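Asker: Sharing input-v2.cif, mmCIF, C-alpha atoms and all ligand atoms:
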data_data
#
loop_
_atom_site.label_atom_id
_atom_site.label_comp_id
_atom_site.auth_asym_id
_atom_site.auth_seq_id
_atom_site.Cartn_x
_atom_site.Cartn_y
_atom_site.Cartn_z
CA MET A 23 169.02 66.92 118.11
CA SER A 24 172.02 68.66 116.58
CA ALA A 25 175.55 67.71 117.51
CA THR A 26 175.80 70.94 119.52
CA GLU A 27 172.67 70.14 121.52
CA THR A 28 173.81 66.58 122.07
CA PHE A 29 177.18 67.86 123.26
CA ARG A 30 175.56 70.33 125.68
CA ALA A 31 173.02 67.83 126.99
CA ARG A 32 175.52 65.03 127.61
CA PHE A 33 178.70 66.89 128.57
CA GLY A 34 177.17 70.02 130.17
CA ALA A 35 179.34 72.48 128.22
CA ASP A 36 179.60 74.16 124.83
CA PRO A 37 181.74 72.46 122.16
CA ALA A 38 184.82 74.21 120.78
CA GLY A 39 183.42 73.68 117.29
CA VAL A 40 181.31 71.48 115.03
CA TRP A 41 182.53 69.71 111.89
CA SER A 42 180.73 67.44 109.47
CA ALA A 43 181.44 64.93 106.71
CA PRO A 44 179.07 63.31 104.22
CA GLY A 45 178.12 59.81 103.23
CA ARG A 46 178.83 58.80 99.65
CA VAL A 47 177.51 56.93 96.64
CA ASN A 48 179.78 55.34 94.05
CA LEU A 49 178.48 56.45 90.66
CA ILE A 50 180.52 53.88 88.74
CA GLY A 51 183.67 51.78 89.19
CA GLU A 52 182.53 48.75 91.22
CA HIS A 53 184.84 45.98 92.43
CA THR A 54 187.77 47.85 90.89
CA ASP A 55 189.29 49.40 94.01
CA TYR A 56 191.28 46.38 95.20
CA THR A 57 192.70 45.93 91.69
CA GLY A 58 194.19 49.44 91.71
CA GLY A 59 191.43 50.59 89.37
CA LEU A 60 189.19 53.59 88.84
CA VAL A 61 186.22 54.72 90.96
CA LEU A 62 183.90 57.72 90.71
CA PRO A 63 182.10 58.34 94.02
CA PHE A 64 180.31 61.51 95.07
CA ALA A 65 179.51 62.88 98.50
CA ILE A 66 175.80 63.06 99.31
CA ASP A 67 173.64 65.57 101.12
CA ALA A 68 173.42 63.50 104.30
CA ARG A 69 176.15 64.23 106.83
CA ALA A 70 177.59 63.12 110.15
CA GLN A 71 178.37 65.96 112.53
CA ALA A 72 181.04 65.84 115.22
CA ALA A 73 181.02 68.44 118.00
CA ILE A 74 184.23 68.34 120.00
CA GLY A 75 185.76 70.12 122.95
CA PRO A 76 188.57 69.69 125.46
CA ASN A 77 187.62 68.18 128.81
CA GLY A 78 189.19 68.30 132.24
CA ALA A 79 188.29 64.68 132.80
CA GLY A 80 191.58 63.19 131.59
CA VAL A 81 189.75 60.59 129.48
CA PHE A 82 188.16 60.56 126.03
CA ARG A 83 184.37 60.69 126.18
CA VAL A 84 182.14 59.91 123.20
CA THR A 85 178.41 60.04 122.73
CA SER A 86 176.01 59.83 119.79
CA ALA A 87 172.56 61.30 119.25
CA GLN A 88 171.69 57.97 117.60
CA ARG A 89 172.76 55.89 120.62
CA ASP A 90 170.53 56.45 123.68
CA ASN A 91 171.99 58.53 126.46
CA ASP A 92 175.26 56.68 126.77
CA VAL A 93 178.54 58.48 127.33
CA ILE A 94 181.48 56.14 126.87
CA SER A 95 184.70 57.07 128.66
CA VAL A 96 188.05 55.59 127.63
CA ALA A 97 191.50 56.41 128.98
CA ALA A 98 194.14 57.36 126.42
CA GLN A 99 196.31 54.35 127.32
CA ASP A 100 193.38 52.04 126.47
CA LEU A 101 193.20 53.34 122.89
CA ARG A 102 194.76 50.50 120.93
CA PRO A 103 193.38 47.98 118.42
CA SER A 104 191.27 45.20 119.98
CA SER A 105 191.33 46.90 123.36
CA PRO A 106 188.53 45.46 125.52
CA ALA A 107 187.83 49.04 126.68
CA VAL A 108 186.46 49.96 123.22
CA LYS A 109 183.60 47.88 121.82
CA GLY A 110 181.00 48.67 119.15
CA TRP A 111 180.39 52.06 117.59
CA PRO A 112 182.85 54.09 119.77
CA ALA A 113 185.63 52.30 117.87
CA TYR A 114 184.88 54.52 114.85
CA PRO A 115 185.52 57.93 116.48
CA LEU A 116 188.14 56.62 118.92
CA GLY A 117 189.91 54.71 116.14
CA VAL A 118 190.53 58.07 114.52
CA VAL A 119 192.16 59.35 117.71
CA TRP A 120 194.36 56.24 117.74
CA ALA A 121 195.27 56.68 114.05
CA LEU A 122 196.26 60.29 114.81
CA TYR A 123 198.49 59.03 117.67
CA GLU A 124 200.07 56.63 115.18
CA ARG A 125 200.99 59.64 113.03
CA GLY A 126 202.69 61.19 116.02
CA ILE A 127 199.90 63.66 116.83
CA ASP A 128 199.46 64.03 120.56
CA VAL A 129 195.68 64.34 120.89
CA PRO A 130 194.70 65.62 124.37
CA PRO A 131 191.59 64.17 126.08
CA LEU A 132 188.47 65.35 124.25
CA ASP A 133 184.70 65.11 124.42
CA ILE A 134 183.13 64.05 121.11
CA ALA A 135 179.39 64.19 120.33
CA LEU A 136 178.14 62.67 117.08
CA ASP A 137 174.88 63.31 115.27
CA SER A 138 174.47 61.75 111.86
CA ALA A 139 171.79 61.85 109.17
CA VAL A 140 173.59 59.14 107.18
CA PRO A 141 171.65 55.91 107.72
CA ALA A 142 173.92 53.08 108.88
CA GLY A 143 174.20 49.97 106.75
CA ALA A 144 172.29 51.41 103.76
CA GLY A 145 175.30 51.44 101.46
CA LEU A 146 175.94 55.15 102.02
CA SER A 147 179.06 54.76 104.18
CA SER A 148 177.90 56.16 107.48
CA SER A 149 181.18 54.84 108.91
CA ALA A 150 183.39 57.00 106.68
CA ALA A 151 181.17 60.01 107.44
CA VAL A 152 181.72 59.58 111.19
CA GLU A 153 185.46 58.94 110.79
CA CYS A 154 186.08 61.87 108.46
CA ALA A 155 184.02 64.30 110.57
CA VAL A 156 186.05 63.34 113.65
CA ALA A 157 189.37 63.38 111.76
CA LEU A 158 188.79 66.89 110.37
CA ALA A 159 187.42 68.11 113.72
CA ILE A 160 190.52 67.06 115.64
CA SER A 161 192.91 68.20 112.90
CA ASP A 162 191.31 71.66 112.77
CA HIS A 163 190.90 71.95 116.54
CA LEU A 164 194.58 71.14 117.10
CA GLU A 165 195.61 73.16 114.02
CA CYS A 166 197.41 70.15 112.52
CA GLY A 167 196.71 71.35 108.97
CA LEU A 168 196.37 67.81 107.56
CA ASP A 169 195.28 67.76 103.91
CA ARG A 170 192.22 65.88 102.68
CA PRO A 171 193.96 62.77 101.33
CA THR A 172 195.86 62.47 104.62
CA LEU A 173 192.64 62.77 106.63
CA ALA A 174 191.10 60.09 104.42
CA ARG A 175 194.05 57.76 105.09
CA ILE A 176 193.81 58.36 108.85
CA ALA A 177 190.08 57.53 108.70
CA GLN A 178 190.74 54.41 106.63
CA ARG A 179 193.44 53.28 109.05
CA ALA A 180 191.01 53.70 111.94
CA GLU A 181 188.49 51.46 110.18
CA ASN A 182 191.06 48.88 108.99
CA GLU A 183 193.15 48.48 112.10
CA PHE A 184 191.09 49.78 115.01
CA VAL A 185 187.57 48.75 114.00
CA GLY A 186 188.93 45.77 112.04
CA VAL A 187 187.09 46.27 108.72
CA PRO A 188 189.37 45.75 105.69
CA CYS A 189 187.88 48.53 103.51
CA GLY A 190 189.65 50.37 100.70
CA LEU A 191 190.22 54.13 100.60
CA MET A 192 187.33 55.15 98.34
CA ASP A 193 184.70 55.93 100.99
CA GLN A 194 186.97 58.04 103.14
CA MET A 195 188.45 59.85 100.12
CA ALA A 196 184.95 60.71 98.86
CA SER A 197 183.82 61.91 102.28
CA ALA A 198 186.97 63.94 102.99
CA ALA A 199 187.78 65.40 99.58
CA SER A 200 184.58 65.83 97.53
CA THR A 201 183.22 69.21 96.46
CA GLU A 202 179.59 70.20 95.94
CA GLY A 203 178.10 69.46 92.51
CA HIS A 204 181.04 67.20 91.61
CA ALA A 205 181.98 63.55 91.61
CA LEU A 206 185.48 62.53 92.67
CA PHE A 207 187.41 60.61 90.03
CA PHE A 208 189.91 58.55 92.01
CA ASP A 209 192.58 56.56 90.19
CA ILE A 210 193.57 54.26 93.01
CA GLY A 211 196.64 52.78 91.32
CA ALA A 212 198.04 56.20 90.42
CA ASP A 213 196.79 57.72 93.71
CA THR A 214 195.36 60.79 91.96
CA THR A 215 191.97 62.52 92.25
CA TRP A 216 190.07 64.97 90.05
CA HIS A 217 186.82 66.84 90.68
CA ILE A 218 184.40 66.10 87.84
CA PRO A 219 181.28 68.28 87.34
CA PHE A 220 178.17 66.30 88.34
CA ASP A 221 175.34 68.69 89.12
CA THR A 222 172.26 66.51 88.80
CA ALA A 223 169.83 69.20 89.97
CA ALA A 224 171.04 71.73 87.37
CA ALA A 225 170.41 69.08 84.70
CA SER A 226 166.88 68.42 86.07
CA LEU A 227 167.96 64.91 87.01
CA ALA A 228 167.62 62.93 90.20
CA MET A 229 169.77 60.16 91.62
CA LEU A 230 167.82 57.57 93.57
CA VAL A 231 169.41 55.15 96.01
CA ILE A 232 167.21 52.10 96.40
CA ASP A 233 168.15 50.14 99.50
CA THR A 234 166.82 46.64 98.76
CA ARG A 235 167.23 45.67 102.48
CA ALA A 236 168.48 42.31 101.19
CA HIS A 237 171.69 40.94 102.74
CA HIS A 238 172.63 37.48 101.55
CA SER A 239 175.11 35.58 103.67
CA LEU A 240 177.21 34.79 100.59
CA ALA A 241 178.51 38.36 100.52
CA ASP A 242 181.70 38.13 102.60
CA GLY A 243 182.91 34.79 101.28
CA GLU A 244 182.23 35.67 97.64
CA TYR A 245 183.97 39.04 98.07
CA ALA A 246 187.09 37.26 99.27
CA LYS A 247 186.85 34.84 96.32
CA ARG A 248 186.58 37.70 93.79
CA ARG A 249 189.64 39.37 95.28
CA ALA A 250 191.52 36.08 95.08
CA ASP A 251 190.41 35.58 91.43
CA CYS A 252 191.73 39.05 90.56
CA GLU A 253 195.06 38.27 92.23
CA THR A 254 195.33 34.94 90.42
CA ALA A 255 194.56 36.58 87.08
CA ALA A 256 197.03 39.41 87.71
CA GLY A 257 199.69 36.81 88.50
CA GLN A 258 199.01 34.89 85.29
CA LEU A 259 199.10 38.11 83.28
CA GLY A 260 202.33 39.28 84.85
CA VAL A 261 201.00 42.49 86.39
CA GLU A 262 201.12 43.52 90.03
CA LEU A 263 197.51 44.75 90.02
CA LEU A 264 194.84 43.62 87.58
CA SER A 265 193.85 47.16 86.59
CA GLN A 266 197.30 47.64 85.09
CA VAL A 267 195.99 45.69 82.09
CA PRO A 268 195.05 48.38 79.52
CA PHE A 269 191.57 48.20 77.99
CA GLU A 270 193.15 47.97 74.54
CA ARG A 271 194.91 44.75 75.62
CA LEU A 272 191.76 43.09 77.00
CA ASP A 273 191.39 40.43 74.30
CA HIS A 274 195.05 39.60 74.51
CA ALA A 275 194.81 39.30 78.28
CA LEU A 276 191.74 37.06 78.14
CA ALA A 277 193.57 34.71 75.78
CA GLY A 278 196.47 34.57 78.22
CA LEU A 279 194.46 33.11 81.12
CA THR A 280 195.02 29.43 81.71
CA GLY A 281 194.14 26.55 84.00
CA PRO A 282 190.88 24.78 84.91
CA ARG A 283 189.24 28.06 85.95
CA ALA A 284 190.31 30.02 82.87
CA THR A 285 186.76 30.78 81.72
CA VAL A 286 185.77 32.06 85.17
CA LEU A 287 188.90 34.19 85.37
CA GLN A 288 188.11 35.56 81.91
CA ARG A 289 184.74 36.79 83.14
CA ARG A 290 186.26 38.39 86.24
CA VAL A 291 188.98 40.12 84.22
CA ARG A 292 186.49 41.29 81.60
CA HIS A 293 184.39 42.92 84.32
CA VAL A 294 187.29 44.76 85.93
CA ILE A 295 188.89 46.01 82.74
CA THR A 296 185.62 47.04 81.04
CA GLU A 297 184.44 48.67 84.28
CA ASN A 298 187.57 50.84 84.37
CA GLN A 299 186.81 51.81 80.78
CA ARG A 300 183.21 52.67 81.70
CA VAL A 301 184.55 54.96 84.43
CA ARG A 302 186.74 56.74 81.86
CA GLU A 303 183.79 57.10 79.47
CA THR A 304 181.58 58.40 82.27
CA VAL A 305 184.22 60.97 83.23
CA ALA A 306 184.51 62.09 79.60
CA LEU A 307 180.73 62.59 79.31
CA LEU A 308 180.50 64.44 82.62
CA ARG A 309 183.35 66.76 81.64
CA GLU A 310 181.20 67.74 78.66
CA GLU A 311 178.21 68.04 81.02
CA HIS A 312 176.27 65.29 79.25
CA ILE A 313 174.98 63.81 82.50
CA ALA A 314 171.91 62.13 81.02
CA ALA A 315 174.15 60.31 78.55
CA ILE A 316 175.85 58.26 81.29
CA GLY A 317 172.69 56.18 81.86
CA PRO A 318 173.66 53.33 79.50
CA LEU A 319 177.09 53.10 81.17
CA LEU A 320 175.41 52.57 84.55
CA SER A 321 173.23 49.83 83.07
CA ALA A 322 176.22 48.21 81.37
CA SER A 323 178.03 48.23 84.73
CA HIS A 324 175.10 46.37 86.27
CA ALA A 325 175.05 43.78 83.50
CA SER A 326 178.78 43.23 83.88
CA LEU A 327 178.52 42.83 87.67
CA ARG A 328 175.61 40.42 87.18
CA ASP A 329 176.91 38.29 84.31
CA ASP A 330 180.70 38.49 84.43
CA TYR A 331 181.46 39.24 88.07
CA GLU A 332 178.44 37.29 89.36
CA VAL A 333 177.84 39.40 92.47
CA SER A 334 174.24 40.48 91.88
CA CYS A 335 171.10 38.81 93.24
CA ALA A 336 167.40 38.67 92.43
CA GLU A 337 166.51 41.75 94.51
CA LEU A 338 169.24 43.89 92.94
CA ASP A 339 168.29 42.76 89.43
CA LEU A 340 164.61 43.44 90.07
CA ALA A 341 165.33 46.94 91.39
CA ALA A 342 167.62 47.84 88.47
CA ASP A 343 165.35 46.35 85.79
CA THR A 344 162.17 47.86 87.22
CA ALA A 345 163.77 51.30 87.54
CA GLU A 346 164.76 51.22 83.88
CA THR A 347 161.41 49.94 82.69
CA ALA A 348 159.78 52.79 84.64
CA GLY A 349 161.90 55.32 82.76
CA ALA A 350 165.22 55.60 84.60
CA LEU A 351 168.10 56.56 82.28
CA GLY A 352 170.28 53.91 83.85
CA ALA A 353 170.51 51.85 87.02
CA ARG A 354 173.05 49.58 88.67
CA MET A 355 173.84 47.75 91.86
CA VAL A 356 176.40 49.44 94.11
CA GLY A 357 178.72 48.00 96.74
CA GLY A 358 179.92 44.47 97.25
CA GLY A 359 176.74 42.77 96.00
CA PHE A 360 174.45 39.95 97.16
CA GLY A 361 172.18 42.64 98.59
CA GLY A 362 172.57 46.31 99.43
CA SER A 363 171.55 49.15 97.16
CA VAL A 364 170.84 50.05 93.54
CA ILE A 365 171.29 53.55 92.16
CA ALA A 366 169.03 54.88 89.43
CA LEU A 367 169.54 58.06 87.41
CA THR A 368 166.23 59.53 86.33
CA ALA A 369 164.67 62.75 85.08
CA ALA A 370 163.73 64.70 88.22
CA ASP A 371 160.05 64.66 87.30
CA ARG A 372 160.14 60.89 86.82
CA ALA A 373 161.77 60.04 90.16
CA GLY A 374 158.50 59.44 92.01
CA VAL A 375 157.20 57.07 89.34
CA VAL A 376 160.47 55.13 89.30
CA ALA A 377 160.54 54.84 93.10
CA ASN A 378 156.93 53.67 93.30
CA SER A 379 157.39 51.17 90.50
CA VAL A 380 160.26 49.52 92.36
CA ILE A 381 158.32 49.50 95.63
CA ASP A 382 155.33 47.89 93.85
CA ALA A 383 157.50 45.30 92.10
CA PHE A 384 159.09 44.31 95.43
CA SER A 385 155.66 43.99 96.99
CA ARG A 386 154.48 41.73 94.16
CA ALA A 387 157.63 39.61 94.46
CA GLY A 388 157.07 39.22 98.20
CA TYR A 389 160.34 41.02 99.08
CA THR A 390 160.90 43.35 102.01
CA ARG A 391 159.82 46.89 101.12
CA PRO A 392 162.85 48.78 99.80
CA VAL A 393 163.82 52.22 101.10
CA VAL A 394 164.23 54.77 98.31
CA ARG A 395 166.15 58.00 98.86
CA SER A 396 167.06 60.83 96.51
CA VAL A 397 170.61 62.12 96.91
CA THR A 398 172.45 65.11 95.46
CA PRO A 399 176.22 65.61 95.06
CA ALA A 400 177.35 67.59 98.10
CA ALA A 401 180.45 69.04 99.74
CA GLY A 402 183.03 66.92 101.50
CA ALA A 403 184.15 67.33 105.11
CA ARG A 404 183.99 70.90 106.45
CA ARG A 405 183.69 73.02 109.55
CA ASP A 406 180.03 73.86 110.31
CA LEU A 407 180.31 76.01 113.45
P1 LIG A 501 177.95 51.79 106.37
O1 LIG A 501 177.79 51.11 105.06
O2 LIG A 501 176.77 52.64 106.72
O3 LIG A 501 179.25 52.50 106.49
P2 LIG A 501 179.19 50.18 108.37
O4 LIG A 501 178.84 48.88 108.99
O5 LIG A 501 180.48 50.29 107.66
O6 LIG A 501 177.96 50.61 107.45
O7 LIG A 501 179.22 51.30 109.49
C1 LIG A 501 178.11 51.48 110.35
C2 LIG A 501 178.61 51.65 111.78
O8 LIG A 501 179.17 52.98 111.94
C3 LIG A 501 177.50 51.55 112.79
O9 LIG A 501 177.23 50.21 113.11
C4 LIG A 501 178.13 52.32 113.94
O10 LIG A 501 179.06 51.50 114.62
C5 LIG A 501 178.89 53.43 113.24
N1 LIG A 501 178.03 54.62 113.13
C6 LIG A 501 177.49 55.14 112.01
N2 LIG A 501 176.72 56.21 112.28
C7 LIG A 501 176.77 56.36 113.64
C8 LIG A 501 176.16 57.28 114.56
N3 LIG A 501 175.35 58.25 114.15
N4 LIG A 501 176.44 57.12 115.87
C9 LIG A 501 177.24 56.13 116.28
N5 LIG A 501 177.83 55.26 115.49
C10 LIG A 501 177.61 55.35 114.17
MG MG A 502 181.11 51.52 106.15
#
Could I get this structure in the form of structure tokens?
Ligand code: ADP
Ligand code: MG
Answerer:
Amino acid sequence: MSATETFRARFGADPAGVWSAPGRVNLIGEHTDYTGGLVLPFAIDARAQAAIGPNGAGVFRVTSAQRDNDVISVAAQDLRPSSPAVKGWPAYPLGVVWALYERGIDVPPLDIALDSAVPAGAGLSSSAAVECAVALAISDHLECGLDRPTLARIAQRAENEFVGVPCGLMDQMASAASTEGHALFFDIGADTTWHIPFDTAAASLAMLVIDTRAHHSLADGEYAKRRADCETAAGQLGVELLSQVPFERLDHALAGLTGPRATVLQRRVRHVITENQRVRETVALLREEHIAAIGPLLSASHASLRDDYEVSCAELDLAADTAETAGALGARMVGGGFGGSVIALTAADRAGVVANSVIDAFSRAGYTRPVVRSVTPAAGARRDL
């Protein structure tokens, strides 16, 4: 069902319009965001659609093609963080309404129907897709004229404060502000973005996302520990954010770390600072349209996340290693680690072999069968109808 059909079937009227926003993949720049570092995500060709329209009901009503036949109704005065009136998935679209209120935008009661092709929990940021589709839909519908970075911040605020997930800004920025055939170079510390050419299809390349389906319970606790390590190291090095350490000063910085955990902190710092440098090198290659040449940088990112940052796991390593052995130009884990997905850049005519090799290797290892998808760099949030 499309968002329009869902809207008609569940609200009995035509929507005022339909907007959509994509999921995303982070090409390179992992575990750098909370250090004010560099990231290079791109929007993918799987989108969440939001059909919206005014209603005479005096309450907000939300429904999703992926959630049975439910229509959830919530009064405007019940839209506040941790309100018992909003539980589960409706917090994503309704959190955006709340974040718009917080910016002083008086959103009248609306009907919102969602229909998303972004799989949830596969590392493709289905949450940002939903948030950004709803944020642009309401902004356009009310003619607020909010720019893309502002929409991204509204979406992030919805997720941070209304849903209660402490995510950074990367996912929402990629979903709101990307352009087709480009990656989005986002310098988080400087708060600047650039569109970098990344047209995999034109280069006869394919980008695979291999969802290992593994989720180790370590993930949340270790994530918090890595963030704390980065803060400790930044403090010892006298910078506000760790990514303020220039790559050229890396050796000097490593020598400046002290205390009983100095060697651990050295590994963490080396990952973050070399990862920022790999992002810069990737951007330089892409600007010259040498897409195939970024493969080794992806693989080096994986090795750094595995050995220095220590956030990989057996499934992620097997997927990345097998992809490369089968002919991928480069492969790396993406996301927080301890499970989740691996991306692999391959020649388009090699993608099937790479995918099957990973599936076979997982079968031999006795792991859950991974889900392999091919994604292409797509447009950010837009009006569809
Ligand atoms: P992801 O990595 O995919 O963003 P999250 O846990 O951050 O995973 O977000 C997934 C959540 O977003 C879902 O559990 C659901 O609450 C919401 N969501 C995503 N897509 C939809 C949809 N099509 N309909 C309703 N809710 C959705
Ligand atoms: Mg998410």
Asker: Which one is closest to ligand MG 502 (chain A): A:Leu338, A:Ala121, A:Ile94, A:Leu191? Count all atoms listed in the file.
Answerer: A:Leu191
Asker: Nearest residue to Pro318 in chain A out of A:Val261, A:Ala38, A:Ala142, A:Ile50, using only C-alpha atoms?
Answerer: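 Checking each candidate against Pro318 in chain A, we get A:Ile50 as the closest.
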Asker: How close does each residue of range 45-109 of chain A get to range 342-354 of chain A, giving the shortest atom pair and distance in Å to one decimal for every residue with an atom at most 12 Å away, counting all atoms listed in the file, sorted by chain and residue number, as a tab-separated table?
Answerer:
residue	atom	partner	partner_atom	distance
A:Val47	CA	A:Arg354	CA	11.7
A:Asn48	CA	A:Arg354	CA	10.4
A:Leu49	CA	A:Arg354	CA	9.0
A:Ile50	CA	A:Arg354	CA	8.6
A:Gly51	CA	A:Arg354	CA	10.9
A:Glu52	CA	A:Arg354	CA	9.9
Asker: Mind dumping a table of every chain A residue within 10 Å of ligand LIG 501 (chain A), with the nearest atom pair and its distance in Å to one decimal, using all atoms listed in the file, sorted by chain and rising number, as a Markdown table?
Answerer:
| residue | atom | partner | partner_atom | distance |
| --- | --- | --- | --- | --- |
| A:Gly45 | CA | A:LIG501 | O3 | 8.1 |
| A:Arg46 | CA | A:LIG501 | O3 | 9.3 |
| A:Arg69 | CA | A:LIG501 | N3 | 9.5 |
| A:Ala70 | CA | A:LIG501 | N3 | 6.7 |
| A:Gln71 | CA | A:LIG501 | N3 | 8.4 |
| A:Ala72 | CA | A:LIG501 | N3 | 9.5 |
| A:Val84 | CA | A:LIG501 | C9 | 9.3 |
| A:Thr85 | CA | A:LIG501 | C9 | 7.6 |
| A:Ser86 | CA | A:LIG501 | N4 | 4.8 |
| A:Ala87 | CA | A:LIG501 | N3 | 6.6 |
| A:Gln88 | CA | A:LIG501 | N3 | 5.0 |
| A:Arg89 | CA | A:LIG501 | N4 | 6.1 |
| A:Asp90 | CA | A:LIG501 | N4 | 9.8 |
| A:Lys109 | CA | A:LIG501 | O10 | 9.2 |
| A:Gly110 | CA | A:LIG501 | O10 | 5.7 |
| A:Trp111 | CA | A:LIG501 | O10 | 3.3 |
| A:Pro112 | CA | A:LIG501 | N5 | 6.7 |
| A:Ala113 | CA | A:LIG501 | O10 | 7.4 |
| A:Tyr114 | CA | A:LIG501 | C5 | 6.3 |
| A:Pro115 | CA | A:LIG501 | N5 | 8.2 |
| A:Ala135 | CA | A:LIG501 | N4 | 8.9 |
| A:Leu136 | CA | A:LIG501 | N4 | 5.9 |
| A:Asp137 | CA | A:LIG501 | N3 | 5.2 |
| A:Ser138 | CA | A:LIG501 | N3 | 4.3 |
| A:Ala139 | CA | A:LIG501 | N3 | 7.1 |
| A:Val140 | CA | A:LIG501 | N2 | 6.7 |
| A:Pro141 | CA | A:LIG501 | O2 | 6.2 |
| A:Ala142 | CA | A:LIG501 | O2 | 3.6 |
| A:Gly143 | CA | A:LIG501 | O2 | 3.7 |
| A:Ala144 | CA | A:LIG501 | O2 | 5.5 |
| A:Gly145 | CA | A:LIG501 | O1 | 4.4 |
| A:Leu146 | CA | A:LIG501 | O1 | 5.4 |
| A:Ser147 | CA | A:LIG501 | O3 | 3.2 |
| A:Ser148 | CA | A:LIG501 | O2 | 3.8 |
| A:Ser149 | CA | A:LIG501 | O3 | 3.9 |
| A:Ala150 | CA | A:LIG501 | O3 | 6.1 |
| A:Ala151 | CA | A:LIG501 | N2 | 7.6 |
| A:Val152 | CA | A:LIG501 | N2 | 6.1 |
| A:Glu153 | CA | A:LIG501 | O8 | 8.7 |
| A:Glu181 | CA | A:LIG501 | O5 | 8.5 |
| A:Val185 | CA | A:LIG501 | O10 | 9.0 |
| A:Val187 | CA | A:LIG501 | O5 | 7.8 |
| A:Cys189 | CA | A:LIG501 | O5 | 8.7 |
| A:Asp193 | CA | A:LIG501 | O3 | 8.5 |
| A:Gly357 | CA | A:LIG501 | O1 | 8.9 |
| A:Gly362 | CA | A:LIG501 | O1 | 9.1 |
Asker: One decimal, in Å: what's the spacing between CA of Cys252 in chain A and CA of Leu264 in chain A?
Answerer: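 Interatomic distance, CA of Cys252 in chain A to CA of Leu264 in chain A: 6.3 Å.
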Asker: Neighbourhood query: residues within 10 Å of (159.2, 56.6, 91.6), file coordinates, counting all atoms listed in the file; return as a PyMOL selection string.
Answerer: chain A and resi 230+345+348-350+368+370-382+394
Asker: Please measure the separation of CA of Phe82 in chain A and CA of Gln194 in chain A, giving the value in Å to one decimal.
Answerer: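 So the two atoms, CA of Phe82 in chain A and CA of Gln194 in chain A, lie 23.1 Å apart.
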Asker: Could you check the closest approach to Pro76 in chain A for each of A:Ile365, A:Ala155, A:Leu164, A:Met229 and tell me which residue wins, using all atoms listed in the file?
Answerer: A:Leu164
Asker: In Å, rounded to a single decimal, give me how far CA of Pro282 in chain A is from CA of Gly59 in chain A.
Answerer: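 Value for the CA of Gly59 in chain A-CA of Pro282 in chain A distance: 26.2 Å.
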Asker: For Ala73 in chain A, please output as a list in words all residues within 7 Å (counting all atoms listed in the file; exclusion window: fewer than 4 positions along the same chain).
Answerer: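 With the cut-off at 7 Å, the set is Ala25, Thr26, Phe29, Pro37, Gly39, Val40, Trp41, Ile134, Ala135 and Leu136 of chain A.
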Asker: For a quick check of understanding, using all atoms listed in the file, which of A:Tyr123, A:Tyr331, A:Tyr389, A:Phe33 has the smallest distance to Glu244 in chain A?
Answerer: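 Ranked by minimum distance to Glu244 in chain A, first place goes to A:Tyr331.
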Asker: List the spatial neighbours of Leu319 in chain A as a list in words - criterion: any atom at most 12 Å away, only C-alpha atoms, same-chain residues fewer than 5 positions off excluded.
Answerer: Leu49, Ile50, Gly51, Thr296, Glu297, Asn298, Gln299, Arg300, Val301, Arg302, Glu303, Thr304, Val305, Ala306, Leu307, Leu308, Ile313, Ala314, His324, Ala325, Ser326, Leu351, Gly352, Ala353, Arg354, Ala366 and Leu367 of chain A
Asker: Take the residues that were just selected and, keeping C-alpha atoms, output them as a compact mmCIF listing (two decimals), keeping the file's coordinate frame.
Answerer:
# COMPACT_ATOMS: atom_id res chain seq x y z
CA LEU A 49 178.48 56.45 90.66
CA ILE A 50 180.52 53.88 88.74
CA GLY A 51 183.67 51.78 89.19
CA THR A 296 185.62 47.04 81.04
CA GLU A 297 184.44 48.67 84.28
CA ASN A 298 187.57 50.84 84.37
CA GLN A 299 186.81 51.81 80.78
CA ARG A 300 183.21 52.67 81.70
CA VAL A 301 184.55 54.96 84.43
CA ARG A 302 186.74 56.74 81.86
CA GLU A 303 183.79 57.10 79.47
CA THR A 304 181.58 58.40 82.27
CA VAL A 305 184.22 60.97 83.23
CA ALA A 306 184.51 62.09 79.60
CA LEU A 307 180.73 62.59 79.31
CA LEU A 308 180.50 64.44 82.62
CA ILE A 313 174.98 63.81 82.50
CA ALA A 314 171.91 62.13 81.02
CA HIS A 324 175.10 46.37 86.27
CA ALA A 325 175.05 43.78 83.50
CA SER A 326 178.78 43.23 83.88
CA LEU A 351 168.10 56.56 82.28
CA GLY A 352 170.28 53.91 83.85
CA ALA A 353 170.51 51.85 87.02
CA ARG A 354 173.05 49.58 88.67
CA ALA A 366 169.03 54.88 89.43
CA LEU A 367 169.54 58.06 87.41
Asker: Tell me which protein, DNA and RNA residues are within 8 Å of Gly211 in chain A, counting all atoms listed in the file, leaving out same-chain ones fewer than 6 positions away, and put them as a ChimeraX atom specification.
Answerer: /A:57-60,265
Asker: Store the residues of this selection in a file with C-alpha atoms, as a PDB file, keeping the file's coordinate frame.
Answerer:
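New file selection-v1.pdb:
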ATOM      1  CA  THR A  57     192.700  45.930  91.690  1.00  0.00           C
ATOM      2  CA  GLY A  58     194.190  49.440  91.710  1.00  0.00           C
ATOM      3  CA  GLY A  59     191.430  50.590  89.370  1.00  0.00           C
ATOM      4  CA  LEU A  60     189.190  53.590  88.840  1.00  0.00           C
ATOM      5  CA  SER A 265     193.850  47.160  86.590  1.00  0.00           C
TER       6      SER A 265
END
Asker: Please determine, counting all atoms listed in the file, which residue among A:Val356, A:Leu340, A:Ala199, A:Ile176 has the shortest atom-to-atom distance to Ala403 in chain A.
Answerer: A:Ala199
Asker: Nearest to ligand MG 502 (chain A) among A:Arg235, A:Leu287, A:Glu165, A:Cys154, with distances taken over all atoms listed in the file: which residue is it?
Answerer: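 Of A:Arg235, A:Leu287, A:Glu165, A:Cys154, the one nearest ligand MG 502 (chain A) is A:Cys154, counting all atoms listed in the file.
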